[in-house]
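Note sheet for the following structure.
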Amino acid sequence: MRRSLVALTGMLALALAACSDGKSASLSEGDVAGLPITHFESGLKPNAPTPDLDVTNVSDDEADRVAVATIADVEDYWSDALPSSFGVRFEPVKSLLSYDSEGENQENGCGDTRDNANAFYCSLDDSVAWDRGVLLPTMMDQFGPLSVVTVLAHEFGHAVQYRIADKAGITRNTPTIVKEQQADCFAGGYYRWVAEGKSKYFTVSTSDGLNSALSSLFLVRDSAGTAATDRSAHGTGFDRTYAFQIGFEQGPKECAGMTMDTIQPRLTERPFDSGDHDGDIDVDQDAIDLLKTSLDQAFSGAGVQAPEIVDNGGTCPTGTSTPPATYCTGDNTVSIDLAALAELGQPVDQDGEFTGSSSGGHGDFAAFSEVASRYALGIQKGVGASLDNANAGLRTACLVGAWAAATNQLQGGDQLRISAGDLDEAISDLLRPDSLVAADVSGKPAASGFNRVEAMRTGYLQGSGPCSTQYG
C-alpha cells in the first residue's frame, strides 16, 4: 500500500446487514460453483491410459508424462467443447515439442529453445512446446503436477483461439492481455470438466486441487507495476485467477466473449503511481494507526462500535487466539503481534517465489488484510452476524475486499491507498493454508481457496452488499 496526501471525495461507507443463521443466500462453503467440496489427492490417475501422441524429443521423466497426458486430455475436452460451444470441428495441433532449456537446442516455428524456460503455443506452425528441464520441474516442486496441467491448458487455450477465429474476436490488433485472459478462462473451463469427473487422465479436488491450480497460475503473474497495455502483459494474479474462475463457472462461450471493453473495468494491472516506489511501506505502529483510520472510516456506515487495535502479541486472555492478529470478542479489540506482521509484510521476492527460495514476505497489504479481517469480525459481531460458522470466513474475506476498494475513496489527510500489486499480495495470503483473511473468529479458513479468492474479489468489485446476501 502507499500513503496518500490527496484529498478525495465520495467516501464509501460500508454497511453489513445482520444475519440470523449464517447460511448463504446463494453460495455456501459447502460447494464450489455448484460442485461439492471434495478432499482427495489430485493429479494423474494411476490407471490413466498411455496417450497416443507424437511428441518430438519426448523423455520418460515425470514432467513429460504429465505434460503429454495434459495435451491428450485437453484435446479430449476440446473435441467436444469446440463443436458444442462454437459449432467448430476440433483439429489437434500440428506438432508437439518437449525440450530441456539447459540441454540440446531444439527448434520449432518460433525459433530456438536454448535458455527458454517457458511453455508456449506457436501460431506460426500450430505447435505447443514446453521446457521439461527447468520450467515444469520447478513448478511441480512448488505446486505439484497440477501446475503443469494448468500451464499447458492455458497454452492450448491459445490454440483454441486460432481454431474459433472470429468467434473469439481475436485479430492482429487484439491486445495481449485479452488473449491471455481468454486463455486463462479456457483453462478454467477445462478444469471444470476434470472436476466433474470426465477426464480419463486426471482427478482434481475442489479444495486442495483447485488451490494448486490457482496457486500455479498466480505464480506466473506479471510483476507489480506492469501496465495492462504492455505488449507482453499476461495479467496480475488477481486478474488471472478471475479469468480462470469465470471459465470454471460459466464455460468457454463466456471466455470467447472477453474483449478489452468487457475486461477493462475489472483489470487491476497498472503501473505504480508517482511516488509509490515499490508499493510497500513499513508495517509499523504509524502504518497500523493509518490502517485503523481507514477501517474506521470505511466501516462507519455499519453504525456499531468499532474495535480497537492493540499490540498485545496477537492473543486474547480468553477464547481462541489466532496470531499474528486475533479478534477478542470479550473486549471488542483486535490484538496484534506487530513484529510478526512486519515480517509477513516484507516486500515480495517474486523471483524467489518461483524457485522456492523466497527471502521476502507476502507484502504490506497481506499484513494489513490480516488485521482488517479481524477488525471486520468486530463489525460483524456488532450487527449480530455469526462469527464461527462456515460462511463467516467468506463473509470476512468479502468485507476485506470491500474495504480495499474503499481505501481509494477515503477523504483527505494522510491515508492508506491501494498500490499496484497490493491485491496480488492479498491473493497470495488467501491461498496460504493458515491465512486469516478468509477465516472465522477461531482462525479456521474457508476450505476452498477458490471460494476465498472469489469472496474477496466480490467485495472489491461489488462493495459490501453481497457480503451479507451471498455469505449470510
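How things are named: the first chain in the C-alpha cells is A, the next is B, and so on; residues count from 1 in each chain; ligands count from 1 in the order shown.
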Got a sec to tell me which of region 20-239 of chain A DSSP assigns to strand (DSSP E or B), as a VMD selection string? chain A and resid 31 to 32 35 to 36 43 to 44 56 95 to 99 107 to 108 111 to 112 119 to 122 127 to 131 202 to 203
Using only C-alpha atoms, what does the table of region 169-273 of chain A residues within 8 Å of region 34-49 of chain A look like, with each row giving the shortest atom pair and its distance in Å to one decimal, sorted by chain and ascending number, as JSON lines?
```
{"residue": "A:Glu196", "atom": "CA", "partner": "A:Leu35", "partner_atom": "CA", "distance": 7.8}
{"residue": "A:Lys200", "atom": "CA", "partner": "A:Ala48", "partner_atom": "CA", "distance": 6.1}
{"residue": "A:Tyr201", "atom": "CA", "partner": "A:Ala48", "partner_atom": "CA", "distance": 4.8}
{"residue": "A:Phe202", "atom": "CA", "partner": "A:Leu44", "partner_atom": "CA", "distance": 4.5}
{"residue": "A:Thr203", "atom": "CA", "partner": "A:Ser42", "partner_atom": "CA", "distance": 5.1}
{"residue": "A:Val204", "atom": "CA", "partner": "A:Ser42", "partner_atom": "CA", "distance": 4.6}
{"residue": "A:Ser205", "atom": "CA", "partner": "A:Thr38", "partner_atom": "CA", "distance": 5.2}
{"residue": "A:Thr206", "atom": "CA", "partner": "A:Ile37", "partner_atom": "CA", "distance": 5.3}
{"residue": "A:Ser207", "atom": "CA", "partner": "A:Thr38", "partner_atom": "CA", "distance": 6.0}
{"residue": "A:Asp208", "atom": "CA", "partner": "A:His39", "partner_atom": "CA", "distance": 7.0}
{"residue": "A:Gly209", "atom": "CA", "partner": "A:Ser42", "partner_atom": "CA", "distance": 5.5}
```
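With distances restricted to only C-alpha atoms, A:Leu219 is the closest residue to Gln350 (chain A) from A:Leu219, A:Ala81, A:Ala213, A:Ala183.
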Can you list every residue in region 277-398 of chain A that DSSP puts in helix (DSSP H, G or I), as number ranges by chain? A: 285-298, 300-302, 338-344, 350-355, 364-382, 390-398
Pick from A:Ala228, A:Leu217, A:Leu97, A:Val68, whichever lies nearest to Thr56 (chain A) using only C-alpha atoms: A:Leu97
Mind checking which residues fall within 12 Å of Met140 (chain A), counting only C-alpha atoms, ignoring those fewer than 6 positions away in the same chain, and posting them as a VMD selection string? chain A and resid 43 62 to 64 66 to 67 132 to 134 146 to 151 212 to 213 215 to 216 219 354 to 356
Only N, CA and C atoms, please: the residues just picked out, written as a compact mmCIF listing (two decimals), in the first residue's frame.
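That gives us again.txt:
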```
# COMPACT_ATOMS: atom_id res chain seq x y z
N GLY A 43 -4.24 -35.20 -9.31
CA GLY A 43 -3.11 -35.42 -10.21
C GLY A 43 -3.42 -36.47 -11.25
N GLU A 62 8.97 -37.57 -15.25
CA GLU A 62 7.63 -37.28 -14.74
C GLU A 62 7.03 -36.05 -15.40
N ALA A 63 7.82 -35.00 -15.59
CA ALA A 63 7.30 -33.79 -16.19
C ALA A 63 6.70 -34.07 -17.56
N ASP A 64 7.40 -34.86 -18.36
CA ASP A 64 6.88 -35.18 -19.70
C ASP A 64 5.66 -36.08 -19.63
N VAL A 66 3.36 -36.10 -17.35
CA VAL A 66 2.21 -35.25 -17.02
C VAL A 66 1.87 -34.32 -18.18
N ALA A 67 2.90 -33.78 -18.84
CA ALA A 67 2.66 -32.85 -19.94
C ALA A 67 1.93 -33.53 -21.10
N ARG A 132 10.78 -29.14 -20.26
CA ARG A 132 10.72 -30.18 -19.23
C ARG A 132 11.93 -30.15 -18.31
N GLY A 133 12.96 -29.34 -18.69
CA GLY A 133 14.21 -29.33 -17.93
C GLY A 133 14.20 -28.39 -16.74
N VAL A 134 13.59 -27.22 -16.90
CA VAL A 134 13.62 -26.20 -15.84
C VAL A 134 12.21 -25.80 -15.42
N LEU A 146 -0.40 -30.63 -10.90
CA LEU A 146 -1.46 -29.80 -11.49
C LEU A 146 -0.92 -28.48 -12.02
N SER A 147 0.25 -28.06 -11.55
CA SER A 147 0.83 -26.83 -12.10
C SER A 147 1.15 -27.01 -13.58
N VAL A 148 1.61 -28.20 -13.95
CA VAL A 148 1.88 -28.49 -15.37
C VAL A 148 0.57 -28.49 -16.15
N VAL A 149 -0.45 -29.11 -15.58
CA VAL A 149 -1.75 -29.14 -16.24
C VAL A 149 -2.27 -27.73 -16.48
N THR A 150 -2.14 -26.87 -15.48
CA THR A 150 -2.64 -25.50 -15.59
C THR A 150 -1.93 -24.73 -16.69
N VAL A 151 -0.61 -24.81 -16.70
CA VAL A 151 0.18 -24.06 -17.69
C VAL A 151 -0.14 -24.53 -19.10
N SER A 212 -4.20 -25.66 -5.80
CA SER A 212 -2.95 -25.84 -6.51
C SER A 212 -3.00 -25.20 -7.89
N ALA A 213 -4.12 -25.36 -8.58
CA ALA A 213 -4.27 -24.76 -9.90
C ALA A 213 -4.20 -23.24 -9.82
N SER A 215 -2.88 -21.44 -7.41
CA SER A 215 -1.55 -21.02 -6.93
C SER A 215 -0.53 -21.04 -8.06
N SER A 216 -0.59 -22.06 -8.92
CA SER A 216 0.37 -22.13 -10.02
C SER A 216 0.11 -21.06 -11.05
N LEU A 219 1.47 -17.93 -9.59
CA LEU A 219 2.93 -17.89 -9.60
C LEU A 219 3.48 -17.21 -10.85
N PHE A 354 9.33 -18.21 -7.33
CA PHE A 354 9.32 -19.16 -8.45
C PHE A 354 10.24 -20.33 -8.19
N THR A 355 11.37 -20.07 -7.56
CA THR A 355 12.35 -21.13 -7.33
C THR A 355 12.17 -21.80 -5.98
N GLY A 356 11.23 -21.30 -5.17
CA GLY A 356 11.03 -21.87 -3.85
C GLY A 356 12.07 -21.42 -2.84
```
Can you pull out every residue within 12 Å of Gly360 (chain A), counting only C-alpha atoms, but drop anything in the same chain fewer than 2 positions away, and send it as a VMD selection string? chain A and resid 342 to 353 356 to 358 362 to 364 425
Taking into account only C-alpha atoms, which residue in the set A:Ala376, A:Lys381, A:Gly421, A:Thr320 is nearest to Phe272 (chain A)?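 Closest residue, counting only C-alpha atoms: A:Gly421.
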For Asp54 (chain A), list every protein, DNA or RNA residue within 12 Å, evaluated using only C-alpha atoms, and leave out those in the same chain fewer than 5 positions away; present the list as a PyMOL selection string. chain A and resi 59+68-69+71-72+92-98+127-128
Written selection (N, CA and C atoms) as a PDB file, in the first residue's frame:
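Wrote again07.pdb, looks like this:
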```pdb
ATOM      1  N   SER A  59      10.776 -37.309 -23.403  1.00  0.00           N
ATOM      2  CA  SER A  59      11.540 -38.159 -22.495  1.00  0.00           C
ATOM      3  C   SER A  59      10.562 -39.018 -21.696  1.00  0.00           C
ATOM      4  N   VAL A  68       2.405 -34.703 -21.485  1.00  0.00           N
ATOM      5  CA  VAL A  68       1.788 -35.402 -22.616  1.00  0.00           C
ATOM      6  C   VAL A  68       0.357 -35.818 -22.276  1.00  0.00           C
ATOM      7  N   ALA A  69       0.148 -36.266 -21.035  1.00  0.00           N
ATOM      8  CA  ALA A  69      -1.211 -36.617 -20.617  1.00  0.00           C
ATOM      9  C   ALA A  69      -2.113 -35.388 -20.633  1.00  0.00           C
ATOM     10  N   ILE A  71      -1.882 -32.731 -22.655  1.00  0.00           N
ATOM     11  CA  ILE A  71      -2.250 -32.421 -24.038  1.00  0.00           C
ATOM     12  C   ILE A  71      -3.332 -33.383 -24.522  1.00  0.00           C
ATOM     13  N   ALA A  72      -3.162 -34.656 -24.225  1.00  0.00           N
ATOM     14  CA  ALA A  72      -4.181 -35.635 -24.633  1.00  0.00           C
ATOM     15  C   ALA A  72      -5.523 -35.308 -23.991  1.00  0.00           C
ATOM     16  N   PRO A  92      -6.538 -31.314 -33.819  1.00  0.00           N
ATOM     17  CA  PRO A  92      -5.372 -31.265 -32.928  1.00  0.00           C
ATOM     18  C   PRO A  92      -4.303 -30.316 -33.470  1.00  0.00           C
ATOM     19  N   VAL A  93      -3.419 -29.844 -32.589  1.00  0.00           N
ATOM     20  CA  VAL A  93      -2.306 -29.029 -33.073  1.00  0.00           C
ATOM     21  C   VAL A  93      -1.417 -29.896 -33.957  1.00  0.00           C
ATOM     22  N   LYS A  94      -0.673 -29.245 -34.833  1.00  0.00           N
ATOM     23  CA  LYS A  94       0.094 -29.983 -35.835  1.00  0.00           C
ATOM     24  C   LYS A  94       1.355 -30.630 -35.281  1.00  0.00           C
ATOM     25  N   SER A  95       1.906 -30.057 -34.217  1.00  0.00           N
ATOM     26  CA  SER A  95       3.117 -30.677 -33.654  1.00  0.00           C
ATOM     27  C   SER A  95       3.270 -30.322 -32.181  1.00  0.00           C
ATOM     28  N   LEU A  96       4.006 -31.191 -31.476  1.00  0.00           N
ATOM     29  CA  LEU A  96       4.278 -31.037 -30.056  1.00  0.00           C
ATOM     30  C   LEU A  96       5.779 -31.190 -29.842  1.00  0.00           C
ATOM     31  N   LEU A  97       6.328 -30.379 -28.949  1.00  0.00           N
ATOM     32  CA  LEU A  97       7.772 -30.399 -28.718  1.00  0.00           C
ATOM     33  C   LEU A  97       8.068 -30.328 -27.230  1.00  0.00           C
ATOM     34  N   SER A  98       8.834 -31.286 -26.740  1.00  0.00           N
ATOM     35  CA  SER A  98       9.383 -31.244 -25.389  1.00  0.00           C
ATOM     36  C   SER A  98      10.868 -30.931 -25.494  1.00  0.00           C
ATOM     37  N   SER A 127       1.903 -25.230 -33.062  1.00  0.00           N
ATOM     38  CA  SER A 127       2.543 -26.204 -32.183  1.00  0.00           C
ATOM     39  C   SER A 127       2.455 -25.756 -30.731  1.00  0.00           C
ATOM     40  N   VAL A 128       2.589 -26.727 -29.835  1.00  0.00           N
ATOM     41  CA  VAL A 128       2.725 -26.452 -28.403  1.00  0.00           C
ATOM     42  C   VAL A 128       4.052 -27.034 -27.962  1.00  0.00           C
TER      43      VAL A 128
END
```
Residue neighbourhood Thr259 (chain A), 12 Å, only C-alpha atoms, exclusion window fewer than 2 positions, as JSON, numbers by chain: {"A": [167, 168, 169, 170, 171, 173, 174, 175, 176, 177, 178, 179, 180, 181, 182, 254, 255, 256, 257, 261, 262, 263, 264, 265, 266, 267]}
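As for CA of Ala366 (chain A) and CA of Ala233 (chain A), they are spaced 23.6 Å apart.
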Within 8 Å of region 428-441 of chain A using only C-alpha atoms, minus same-chain residues under 2 positions, as an MDAnalysis selection string: chainID A and resid 211 215 218 320 322 326:327 362 366 369:370 372:374 377 387:390 392:397 400 424:426 443:446 449 452:453
In terms of the shortest atom-to-atom distance over only C-alpha atoms, which of A:Ser321, A:Gln142, A:Asn312, A:Ser101 is closest to Thr113 (chain A)?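 Of all the options, A:Ser101 lies closest to Thr113 (chain A).
Nearest residue to Gln409 (chain A), choosing from A:Val283, A:Gln297, A:Arg163, A:Thr236 and counting only C-alpha atoms: A:Gln297.
The residue that comes closest to Arg240 (chain A), out of A:Met139, A:Val74, A:Asp125, A:Ile427 and on the basis of only C-alpha atoms, is A:Ile427.
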